[in-house]
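Written out below as structure tokens is the structure these notes cover.
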Amino acid sequence: MLSRCSSTVVRGEKKLYYTTYRLKSTSTTKSTTHIPVMLKEVLNLWLPNNTNDDTTNRPIHLIDGTVGMGGHTIAALQSNNNIHVLGIDRDASMIYNAKKHIQSTSTDDVSSRVEFHHGSFTDISQQLSSSSKAADGILIDLGMNSIQISNPNRGFTFRNVDCPLDMRFDTSSTNTSIKASDVVNEYPKSELSSIFTKYADEPYADEIAEDIVEWRASLPQGRGKKQGINSTLELRYIIEKAVDKCITLENDIDDEPEIEIDTNKRYHTISTQTTKPTKQIDKKKRKKFESYRAIWNSPKWLGPKKKKQLLSQYQQRKVRYANHVMRCFQAIRIEVNNELEHVKLFFQQFDTTNSSSSILQVGGRIVVIVFHPGEDLVVQQGMDKLVDSGNYKFITPKEEGLRPAFEEVRLNGRSRTARLHAVERIR
């Protein structure tokens, strides 16, 4: 089944609005089940060429810089008895979950060949200092983990549950980084608009930023009063309301091109240039939607029973303008965790031959999975620099990378925007 979403491409000073079409997943797997993306492709590229022969006794050292639930790690460990993996993650809860997952799904032999460190892939040299073993392959998966998204206490989701606005990957007591609530309550309009545009290509960035600033200014002040925007559903409502004002009362676009599948059966979306997306507005439904404002920001006193009833109704509603909401949440998450800067710092570790030698063996690979254009650009720039140094070569198409197979997208819709890039150290 096809679904429609809007996106933008910036060319010079001009923004072009596009309607893109994508497959809806037909998988019956629950959303809380994590499926590793592009598993076959990752194993073919992450593991060095000589790992197919299980009779060799040389230990093979791999690094999973974003271990998550350990899906890629488990597959690598089970593919060869000589493989040892160092699993790293900024999220301590993911380290705990990965340990449990590996212990419950693998033998003791497999579990004994993996070591976990709580930290970032930006300081791999420090993570390796204890073993002094350069890696044969490094994997970085920049996608969100399904378990993180489904956790109501993390603030990553905007569907069905009301969560505190946190969005930090590292929630340990030593982490003093900003939270999502700090971004939406303290950033001026210009900064909010900038991150929505820079990290998510949101076409209504200015309008959404303006509504966020106006909303927080209209909240009642004083002792005992609610301070700031504090929950995911409240932020979702503000974004929906802002986009609702931008949508014109015209018929929607109804021409739907077919999905293109290339000769290698890789999934691609088709983009067709259009005007801004439009939608017919039902006045009765709009009035009902506007009544939900009273949950968080009502000029009159609202009894707890009525407030609870309205909140319950809003939680069960289908998300309006879901792609705009998703993009804004994504942009805030990237800002909170400084994600693109982490990717830049990761590649800086390999700037010189000496630093590369201490982290990656000759013949070792760096494999990175990206999910949105901002990450893709930073990763391509980092790999271009490595290749220009003469010490590395591309082993995936330089700009296009690899996309997931059509069948994988059909079974796991979250893989549809994935793109895989890889380089190999040659000297």
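Note on naming: chains are A, B, ... as they come in the structure tokens, residues start from 1 per chain, ligands start from 1 in the order shown.
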### Polymer residues at most 8 Å from Gln315 in chain A, only C-alpha atoms, same-chain spacing of 4 or more positions, as number ranges by chain
A: 159-162, 233, 311
### Task
Could you find all residues in range 53-165 of chain A that DSSP calls alpha helix (DSSP H) from the backbone, and write them as JSON, numbers by chain?
{"A": [71, 72, 73, 74, 75, 76, 77, 78, 79, 92, 93, 94, 95, 96, 97, 98, 99, 100, 101, 102, 103, 104, 105, 108, 109, 110, 111, 124, 125, 126, 127, 128, 146, 147, 148, 149, 150]}
### Query
Counting only C-alpha atoms, what is within 9 Å of range 68-78 of chain A, bar same-chain residues fewer than 5 positions away, as a PyMOL selection string?
chain A and resi 34-37+39+42-43+46-47+62-63+83-89+91+93-102+105-106+110-111+113-114+139+141+144-145+147
